[in-house]
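Source file: input-v7.txt (compact mmCIF, C-alpha atoms and all ligand atoms)
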# COMPACT_ATOMS: atom_id res chain seq x y z
CA MET A 1 93.38 121.62 98.44
CA VAL A 2 94.75 119.30 101.11
CA SER A 3 94.51 120.57 104.68
CA PHE A 4 97.38 120.06 107.12
CA GLU A 5 96.69 120.09 110.83
CA ILE A 6 98.86 119.60 113.90
CA VAL A 7 97.12 117.77 116.72
CA ARG A 8 98.04 116.29 120.06
CA GLY A 9 97.16 112.67 120.69
CA ASP A 10 97.85 108.97 120.46
CA ILE A 11 98.02 107.87 116.82
CA THR A 12 96.93 104.31 117.71
CA ARG A 13 93.43 105.67 118.31
CA PHE A 14 93.33 108.63 115.97
CA PRO A 15 90.24 108.48 113.73
CA ALA A 16 91.85 108.84 110.30
CA GLU A 17 91.20 106.28 107.55
CA ALA A 18 94.92 105.51 107.41
CA ILE A 19 97.61 105.98 110.01
CA VAL A 20 101.28 105.97 109.10
CA ASN A 21 103.90 104.03 111.01
CA ALA A 22 107.45 105.34 111.56
CA ALA A 23 108.99 101.96 110.81
CA ASN A 24 112.49 100.66 110.20
CA ARG A 25 113.68 98.99 106.98
CA TYR A 26 112.78 95.49 108.15
CA LEU A 27 109.43 96.33 109.72
CA GLU A 28 110.69 95.09 113.08
CA HIS A 29 108.36 97.12 115.23
CA GLY A 30 110.55 96.94 118.31
CA GLY A 31 110.06 100.33 119.94
CA GLY A 32 108.51 103.79 119.78
CA VAL A 33 105.33 104.40 117.87
CA ALA A 34 105.92 101.26 115.75
CA TYR A 35 105.68 99.00 118.77
CA ALA A 36 102.63 100.89 120.05
CA ILE A 37 100.81 100.50 116.71
CA ALA A 38 101.78 96.82 116.34
CA LYS A 39 100.60 95.95 119.83
CA ALA A 40 97.37 97.91 119.55
CA ALA A 41 96.53 96.51 116.10
CA ALA A 42 97.17 92.81 116.59
CA GLY A 43 97.07 92.42 120.37
CA ASN A 44 100.73 91.50 120.44
CA ALA A 45 103.55 93.14 118.50
CA ARG A 46 105.16 89.90 117.33
CA GLU A 47 102.05 88.89 115.41
CA TYR A 48 101.87 92.27 113.66
CA ILE A 49 105.58 92.06 112.75
CA ARG A 50 104.83 88.71 111.10
CA ILE A 51 101.88 90.20 109.21
CA SER A 52 103.96 93.23 108.17
CA LYS A 53 106.84 91.15 106.85
CA GLU A 54 104.45 88.94 104.91
CA ALA A 55 102.78 92.04 103.42
CA MET A 56 106.23 93.41 102.48
CA ARG A 57 107.05 90.19 100.60
CA GLU A 58 103.71 90.28 98.79
CA GLN A 59 103.72 93.99 97.96
CA LEU A 60 107.41 94.61 97.22
CA GLY A 61 108.82 91.13 96.66
CA LYS A 62 111.69 91.67 99.09
CA GLY A 63 112.57 91.73 102.77
CA SER A 64 113.38 95.38 103.37
CA ILE A 65 112.19 98.82 102.26
CA GLU A 66 113.97 102.00 101.16
CA HIS A 67 113.00 105.60 101.89
CA GLY A 68 109.95 106.31 99.77
CA GLU A 69 108.78 102.70 99.60
CA VAL A 70 105.79 101.75 101.73
CA VAL A 71 103.91 98.66 102.86
CA VAL A 72 100.22 98.55 103.78
CA THR A 73 98.76 96.33 106.50
CA PRO A 74 95.19 96.01 107.80
CA ALA A 75 94.20 98.02 110.87
CA MET A 76 92.73 94.98 112.66
CA ARG A 77 91.75 96.05 116.21
CA LEU A 78 92.20 99.72 115.28
CA GLU A 79 89.16 99.48 113.02
CA LYS A 80 87.02 100.41 116.00
CA TYR A 81 88.44 103.94 115.72
CA GLY A 82 87.64 104.17 112.00
CA ILE A 83 91.21 103.34 110.97
CA ARG A 84 91.30 101.07 107.89
CA TYR A 85 94.96 100.82 107.00
CA VAL A 86 98.42 101.19 108.47
CA ILE A 87 100.98 102.50 105.98
CA HIS A 88 104.56 101.70 106.96
CA THR A 89 107.26 104.13 105.86
CA VAL A 90 110.90 104.63 106.86
CA GLY A 91 112.39 107.99 107.73
CA PRO A 92 116.10 108.85 107.98
CA TYR A 93 118.32 108.15 110.98
CA CYS A 94 119.72 111.50 112.12
CA GLY A 95 121.33 110.94 115.53
CA GLY A 96 120.97 114.68 116.15
CA ARG A 97 122.24 115.77 112.73
CA TRP A 98 120.06 117.47 110.16
CA ASP A 99 121.04 118.36 106.63
CA GLU A 100 119.64 118.40 103.10
CA ASN A 101 120.27 114.67 102.69
CA LYS A 102 118.24 113.74 105.79
CA LYS A 103 115.53 116.12 104.72
CA GLU A 104 115.32 114.55 101.26
CA LYS A 105 114.97 111.08 102.78
CA LEU A 106 112.21 112.30 105.07
CA ARG A 107 110.51 114.01 102.15
CA LYS A 108 110.49 110.72 100.24
CA ALA A 109 109.15 108.83 103.28
CA ILE A 110 106.25 111.27 103.73
CA LEU A 111 105.42 111.56 100.04
CA GLY A 112 105.47 107.79 99.55
CA ALA A 113 102.88 107.38 102.30
CA LEU A 114 100.71 110.20 100.95
CA ARG A 115 100.74 108.74 97.44
CA LYS A 116 99.81 105.31 98.79
CA ALA A 117 96.93 106.85 100.75
CA ASP A 118 95.71 108.46 97.55
CA GLU A 119 96.02 105.16 95.69
CA LEU A 120 93.91 103.53 98.42
CA GLY A 121 91.25 106.17 97.78
CA ILE A 122 91.06 107.45 101.32
CA ARG A 123 90.38 110.99 102.47
CA SER A 124 92.19 111.34 105.79
CA VAL A 125 95.65 110.25 106.87
CA ALA A 126 97.49 110.72 110.17
CA PHE A 127 101.27 110.74 110.62
CA PRO A 128 103.47 110.54 113.69
CA ALA A 129 106.57 112.76 113.77
CA ILE A 130 108.61 110.33 111.65
CA SER A 131 112.30 110.17 112.64
CA ALA A 132 111.86 112.63 115.54
CA GLY A 133 112.07 109.91 118.23
CA ILE A 134 114.56 107.04 118.30
CA TYR A 135 116.04 108.17 114.96
CA GLY A 136 116.99 111.51 116.54
CA CYS A 137 116.04 114.09 113.91
CA PRO A 138 115.21 117.58 115.22
CA LEU A 139 111.46 117.98 115.59
CA GLU A 140 111.52 121.50 114.08
CA GLY A 141 113.09 120.21 110.87
CA VAL A 142 110.68 117.30 110.73
CA VAL A 143 107.64 119.53 111.21
CA ARG A 144 108.74 122.03 108.54
CA THR A 145 109.39 119.19 106.11
CA PHE A 146 105.89 117.80 106.71
CA LYS A 147 104.31 121.14 105.93
CA GLU A 148 106.30 121.57 102.72
CA VAL A 149 105.63 118.04 101.48
CA VAL A 150 101.89 118.23 102.15
CA GLU A 151 101.69 121.58 100.35
CA GLY A 152 103.53 120.17 97.35
CA PHE A 153 101.37 117.05 97.36
CA SER A 154 98.20 119.20 97.21
CA THR A 155 98.62 119.71 93.48
CA GLU A 156 98.52 115.95 92.72
CA ALA A 157 96.12 114.66 95.40
CA MET A 158 93.03 112.89 94.09
CA SER A 159 91.23 111.57 97.17
CA VAL A 160 93.28 112.71 100.18
CA GLU A 161 91.74 115.82 101.73
CA ARG A 162 93.07 115.96 105.27
CA VAL A 163 96.52 115.25 106.65
CA TYR A 164 97.20 115.26 110.39
CA LEU A 165 100.53 115.33 112.18
CA VAL A 166 99.86 113.72 115.56
CA LEU A 167 102.24 114.68 118.38
CA TYR A 168 102.29 112.44 121.39
CA SER A 169 103.60 114.75 124.08
CA GLU A 170 102.30 118.17 125.04
CA ARG A 171 105.85 119.50 124.73
CA ASP A 172 106.31 118.22 121.18
CA TYR A 173 102.89 119.54 120.26
CA ARG A 174 103.83 123.04 121.49
CA THR A 175 107.18 122.93 119.70
CA ALA A 176 105.45 121.91 116.46
CA VAL A 177 102.82 124.64 116.73
CA GLU A 178 105.48 127.27 117.49
CA THR A 179 107.72 126.06 114.66
CA LEU A 180 104.96 126.72 112.16
CA GLY A 181 104.02 130.00 113.83
CA LEU A 182 100.53 128.76 114.68
CA GLY A 183 100.70 129.36 118.43
N1 LIG A 201 101.19 108.34 118.96
C1 LIG A 201 101.81 109.35 118.31
N2 LIG A 201 103.14 109.56 118.35
C2 LIG A 201 103.86 108.69 119.08
C3 LIG A 201 103.31 107.59 119.79
C4 LIG A 201 101.90 107.44 119.70
N3 LIG A 201 101.28 106.43 120.32
N4 LIG A 201 104.33 106.94 120.42
C5 LIG A 201 105.47 107.60 120.13
N5 LIG A 201 105.20 108.66 119.33
P1 LIG A 201 109.79 106.83 117.02
P2 LIG A 201 111.55 107.12 114.67
C6 LIG A 201 106.11 109.66 118.75
O1 LIG A 201 110.97 106.64 117.89
O2 LIG A 201 112.29 108.23 115.32
C7 LIG A 201 111.09 102.09 116.13
O3 LIG A 201 111.74 101.16 116.93
C8 LIG A 201 107.45 109.89 119.41
O4 LIG A 201 107.30 110.72 120.56
O5 LIG A 201 108.63 105.92 117.21
O6 LIG A 201 111.15 107.26 113.24
C9 LIG A 201 111.01 101.67 114.68
O7 LIG A 201 110.82 100.28 114.55
C10 LIG A 201 108.21 110.60 118.30
O8 LIG A 201 107.91 112.00 118.28
O9 LIG A 201 110.19 106.73 115.44
C11 LIG A 201 112.34 102.13 114.16
O10 LIG A 201 113.37 101.22 114.45
C12 LIG A 201 107.61 109.99 117.01
O11 LIG A 201 106.45 109.25 117.44
C13 LIG A 201 112.60 103.43 114.91
O12 LIG A 201 111.87 103.30 116.12
C14 LIG A 201 108.53 109.06 116.27
O13 LIG A 201 109.32 108.33 117.21
C15 LIG A 201 112.09 104.64 114.17
O14 LIG A 201 112.43 105.82 114.84

Step by step, read the file and then write its structure as structure tokens.
Ligand code: AR6
Amino acid sequence: MVSFEIVRGDITRFPAEAIVNAANRYLEHGGGVAYAIAKAAAGNAREYIRISKEAMREQLGKGSIEHGEVVVTPAMRLEKYGIRYVIHTVGPYCGGRWDENKKEKLRKAILGALRKADELGIRSVAFPAISAGIYGCPLEGVVRTFKEVVEGFSTEAMSVERVYLVLYSERDYRTAVETLGLG
């Protein structure tokens, strides 16, 4: 059984073996959590963008990723928190809209990262609220999708035991907890 926990915190220092980045297709970590991770990992974001793009070429043989595809980069300076890998995944752009199509893209983005974590043989993985920031998807929908995907993934998981959804603001944390009826 894979546990799913909602926590409040900064994912750039969350002690999971892998943290997931809410990236864009080109791994241009220009804003949001992507920029925060890139800067914290390499010291400056530009260097981590270079490393990410190189990893994308090596791992996928192309210069962009689709929903469900992921790229892995080393944690570098984040290793001091016990983080070993950063898994880059791309959620849908919503711009305030939410429908089955957006949800399916988010599902793919989450599942792709979980499967990669399993392939890497790690036990704990932490996610930010993918697509709930700059990409404008409603947090409630995002949180419900996370719960469903992690539950479904439980039946196939080999090494992953704990999945965390890390909310940055107190407000988002409360919304997430209330959405799942945990509050
Ligand atoms: N720890 C945890 N969560 C965080 C942190 C942090 N340090 N910083 C922000 N968040 P976003 P998206 C939350 O916009 O919507 C980038 O430019 C934030 O409050 O980072 O998927 C990429 O390169 C929000 O709840 O990701 C893409 O172009 C959540 O992380 C684009 O943004 C996701 O917000 C992706 O947009």

Counting all atoms listed in the file, what are the residues, protein, DNA or RNA alike, that approach ligand LIG 201 (chain A) to within 9 Å? I want them as a PyMOL selection string.
chain A and resi 8-14+21-37+89-94+127-137+139+165-169+172

Edge lengths and centre in Å to one decimal, as AutoDock Vina command-line options, of the axis-aligned box that encloses all listed atoms of stretch 147-163 of chain A with 6 Å added on every side?
--center_x 98.8 --center_y 116.6 --center_z 99.7 --size_x 27.1 --size_y 22.0 --size_z 25.9

Skip A:Trp98 itself and residues of its chain fewer than 5 positions away, then list as a PyMOL selection string all residues within 8 Å of it, counting all atoms listed in the file.
chain A and resi 103+137-138+141

Which residues come within 12 Å of A:Ser154, counting only C-alpha atoms, excluding same-chain residues fewer than 6 positions away, as a list in words?
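Once the adjacent positions are removed, what remains is Met1, Val2, Ser3, Phe4, Leu111, Leu114, Arg115, Asp118, Lys147, Glu148, Val160, Glu161, Arg162 and Val163 of chain A.
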
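Atom pair atom CA of A:Ala176 / atom CA of A:Lys116: separated by 24.9 Å.
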
Rebuild N, CA, C and O atoms on stretch 80-104 of chain A, as a PDB file, keeping the file's coordinate frame?
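Final file, rebuild27.pdb:
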ATOM      1  N   LYS A  80      88.069  99.823 115.145  1.00  0.00           N
ATOM      2  CA  LYS A  80      87.020 100.410 116.000  1.00  0.00           C
ATOM      3  C   LYS A  80      87.135 101.931 116.120  1.00  0.00           C
ATOM      4  O   LYS A  80      86.214 102.598 116.558  1.00  0.00           O
ATOM      5  N   TYR A  81      88.279 102.470 115.714  1.00  0.00           N
ATOM      6  CA  TYR A  81      88.440 103.940 115.720  1.00  0.00           C
ATOM      7  C   TYR A  81      88.200 104.532 114.324  1.00  0.00           C
ATOM      8  O   TYR A  81      88.404 105.725 114.111  1.00  0.00           O
ATOM      9  N   GLY A  82      87.854 103.687 113.367  1.00  0.00           N
ATOM     10  CA  GLY A  82      87.640 104.170 112.000  1.00  0.00           C
ATOM     11  C   GLY A  82      88.893 104.069 111.146  1.00  0.00           C
ATOM     12  O   GLY A  82      88.900 104.493 109.982  1.00  0.00           O
ATOM     13  N   ILE A  83      89.964 103.510 111.719  1.00  0.00           N
ATOM     14  CA  ILE A  83      91.210 103.340 110.970  1.00  0.00           C
ATOM     15  C   ILE A  83      91.062 102.092 110.082  1.00  0.00           C
ATOM     16  O   ILE A  83      90.615 101.049 110.557  1.00  0.00           O
ATOM     17  N   ARG A  84      91.416 102.228 108.797  1.00  0.00           N
ATOM     18  CA  ARG A  84      91.300 101.070 107.890  1.00  0.00           C
ATOM     19  C   ARG A  84      92.642 100.458 107.521  1.00  0.00           C
ATOM     20  O   ARG A  84      92.740  99.269 107.280  1.00  0.00           O
ATOM     21  N   TYR A  85      93.641 101.307 107.417  1.00  0.00           N
ATOM     22  CA  TYR A  85      94.960 100.820 107.000  1.00  0.00           C
ATOM     23  C   TYR A  85      96.075 101.410 107.863  1.00  0.00           C
ATOM     24  O   TYR A  85      95.947 102.525 108.367  1.00  0.00           O
ATOM     25  N   VAL A  86      97.169 100.643 107.941  1.00  0.00           N
ATOM     26  CA  VAL A  86      98.420 101.190 108.470  1.00  0.00           C
ATOM     27  C   VAL A  86      99.403 101.199 107.307  1.00  0.00           C
ATOM     28  O   VAL A  86      99.584 100.191 106.620  1.00  0.00           O
ATOM     29  N   ILE A  87      99.987 102.360 107.059  1.00  0.00           N
ATOM     30  CA  ILE A  87     100.980 102.500 105.980  1.00  0.00           C
ATOM     31  C   ILE A  87     102.357 102.646 106.632  1.00  0.00           C
ATOM     32  O   ILE A  87     102.597 103.587 107.385  1.00  0.00           O
ATOM     33  N   HIS A  88     103.235 101.696 106.352  1.00  0.00           N
ATOM     34  CA  HIS A  88     104.560 101.700 106.960  1.00  0.00           C
ATOM     35  C   HIS A  88     105.547 102.427 106.053  1.00  0.00           C
ATOM     36  O   HIS A  88     105.670 102.090 104.870  1.00  0.00           O
ATOM     37  N   THR A  89     106.250 103.392 106.618  1.00  0.00           N
ATOM     38  CA  THR A  89     107.260 104.130 105.860  1.00  0.00           C
ATOM     39  C   THR A  89     108.494 104.287 106.732  1.00  0.00           C
ATOM     40  O   THR A  89     108.403 104.183 107.961  1.00  0.00           O
ATOM     41  N   VAL A  90     109.641 104.532 106.106  1.00  0.00           N
ATOM     42  CA  VAL A  90     110.900 104.630 106.860  1.00  0.00           C
ATOM     43  C   VAL A  90     111.530 105.994 106.672  1.00  0.00           C
ATOM     44  O   VAL A  90     111.849 106.396 105.544  1.00  0.00           O
ATOM     45  N   GLY A  91     111.716 106.687 107.773  1.00  0.00           N
ATOM     46  CA  GLY A  91     112.390 107.990 107.730  1.00  0.00           C
ATOM     47  C   GLY A  91     113.894 107.818 107.910  1.00  0.00           C
ATOM     48  O   GLY A  91     114.384 106.706 108.136  1.00  0.00           O
ATOM     49  N   PRO A  92     114.646 108.914 107.814  1.00  0.00           N
ATOM     50  CA  PRO A  92     116.100 108.850 107.980  1.00  0.00           C
ATOM     51  C   PRO A  92     116.522 108.698 109.432  1.00  0.00           C
ATOM     52  O   PRO A  92     115.798 109.106 110.335  1.00  0.00           O
ATOM     53  N   TYR A  93     117.706 108.116 109.650  1.00  0.00           N
ATOM     54  CA  TYR A  93     118.320 108.150 110.980  1.00  0.00           C
ATOM     55  C   TYR A  93     119.172 109.414 111.030  1.00  0.00           C
ATOM     56  O   TYR A  93     120.016 109.630 110.157  1.00  0.00           O
ATOM     57  N   CYS A  94     118.966 110.237 112.025  1.00  0.00           N
ATOM     58  CA  CYS A  94     119.720 111.500 112.120  1.00  0.00           C
ATOM     59  C   CYS A  94     120.750 111.487 113.256  1.00  0.00           C
ATOM     60  O   CYS A  94     121.823 112.075 113.117  1.00  0.00           O
ATOM     61  N   GLY A  95     120.424 110.884 114.392  1.00  0.00           N
ATOM     62  CA  GLY A  95     121.330 110.940 115.530  1.00  0.00           C
ATOM     63  C   GLY A  95     121.703 112.380 115.895  1.00  0.00           C
ATOM     64  O   GLY A  95     122.855 112.673 116.216  1.00  0.00           O
ATOM     65  N   GLY A  96     120.741 113.280 115.787  1.00  0.00           N
ATOM     66  CA  GLY A  96     120.970 114.680 116.150  1.00  0.00           C
ATOM     67  C   GLY A  96     121.400 115.566 114.997  1.00  0.00           C
ATOM     68  O   GLY A  96     121.401 116.783 115.107  1.00  0.00           O
ATOM     69  N   ARG A  97     121.794 114.960 113.880  1.00  0.00           N
ATOM     70  CA  ARG A  97     122.240 115.770 112.730  1.00  0.00           C
ATOM     71  C   ARG A  97     121.086 116.006 111.765  1.00  0.00           C
ATOM     72  O   ARG A  97     120.205 115.191 111.620  1.00  0.00           O
ATOM     73  N   TRP A  98     121.127 117.147 111.113  1.00  0.00           N
ATOM     74  CA  TRP A  98     120.060 117.470 110.160  1.00  0.00           C
ATOM     75  C   TRP A  98     120.676 118.210 108.986  1.00  0.00           C
ATOM     76  O   TRP A  98     121.330 119.237 109.163  1.00  0.00           O
ATOM     77  N   ASP A  99     120.525 117.686 107.818  1.00  0.00           N
ATOM     78  CA  ASP A  99     121.040 118.360 106.630  1.00  0.00           C
ATOM     79  C   ASP A  99     120.123 118.066 105.446  1.00  0.00           C
ATOM     80  O   ASP A  99     119.094 117.397 105.601  1.00  0.00           O
ATOM     81  N   GLU A 100     120.506 118.524 104.282  1.00  0.00           N
ATOM     82  CA  GLU A 100     119.640 118.400 103.100  1.00  0.00           C
ATOM     83  C   GLU A 100     119.382 116.928 102.743  1.00  0.00           C
ATOM     84  O   GLU A 100     118.307 116.565 102.294  1.00  0.00           O
ATOM     85  N   ASN A 101     120.395 116.095 102.995  1.00  0.00           N
ATOM     86  CA  ASN A 101     120.270 114.670 102.690  1.00  0.00           C
ATOM     87  C   ASN A 101     119.218 113.981 103.570  1.00  0.00           C
ATOM     88  O   ASN A 101     118.385 113.206 103.097  1.00  0.00           O
ATOM     89  N   LYS A 102     119.246 114.307 104.864  1.00  0.00           N
ATOM     90  CA  LYS A 102     118.240 113.740 105.790  1.00  0.00           C
ATOM     91  C   LYS A 102     116.853 114.232 105.382  1.00  0.00           C
ATOM     92  O   LYS A 102     115.887 113.475 105.365  1.00  0.00           O
ATOM     93  N   LYS A 103     116.809 115.514 105.073  1.00  0.00           N
ATOM     94  CA  LYS A 103     115.530 116.120 104.720  1.00  0.00           C
ATOM     95  C   LYS A 103     114.938 115.450 103.473  1.00  0.00           C
ATOM     96  O   LYS A 103     113.741 115.176 103.419  1.00  0.00           O
ATOM     97  N   GLU A 104     115.779 115.184 102.491  1.00  0.00           N
ATOM     98  CA  GLU A 104     115.320 114.550 101.260  1.00  0.00           C
ATOM     99  C   GLU A 104     114.759 113.140 101.537  1.00  0.00           C
ATOM    100  O   GLU A 104     113.748 112.729 100.977  1.00  0.00           O
TER     101      GLU A 104
END
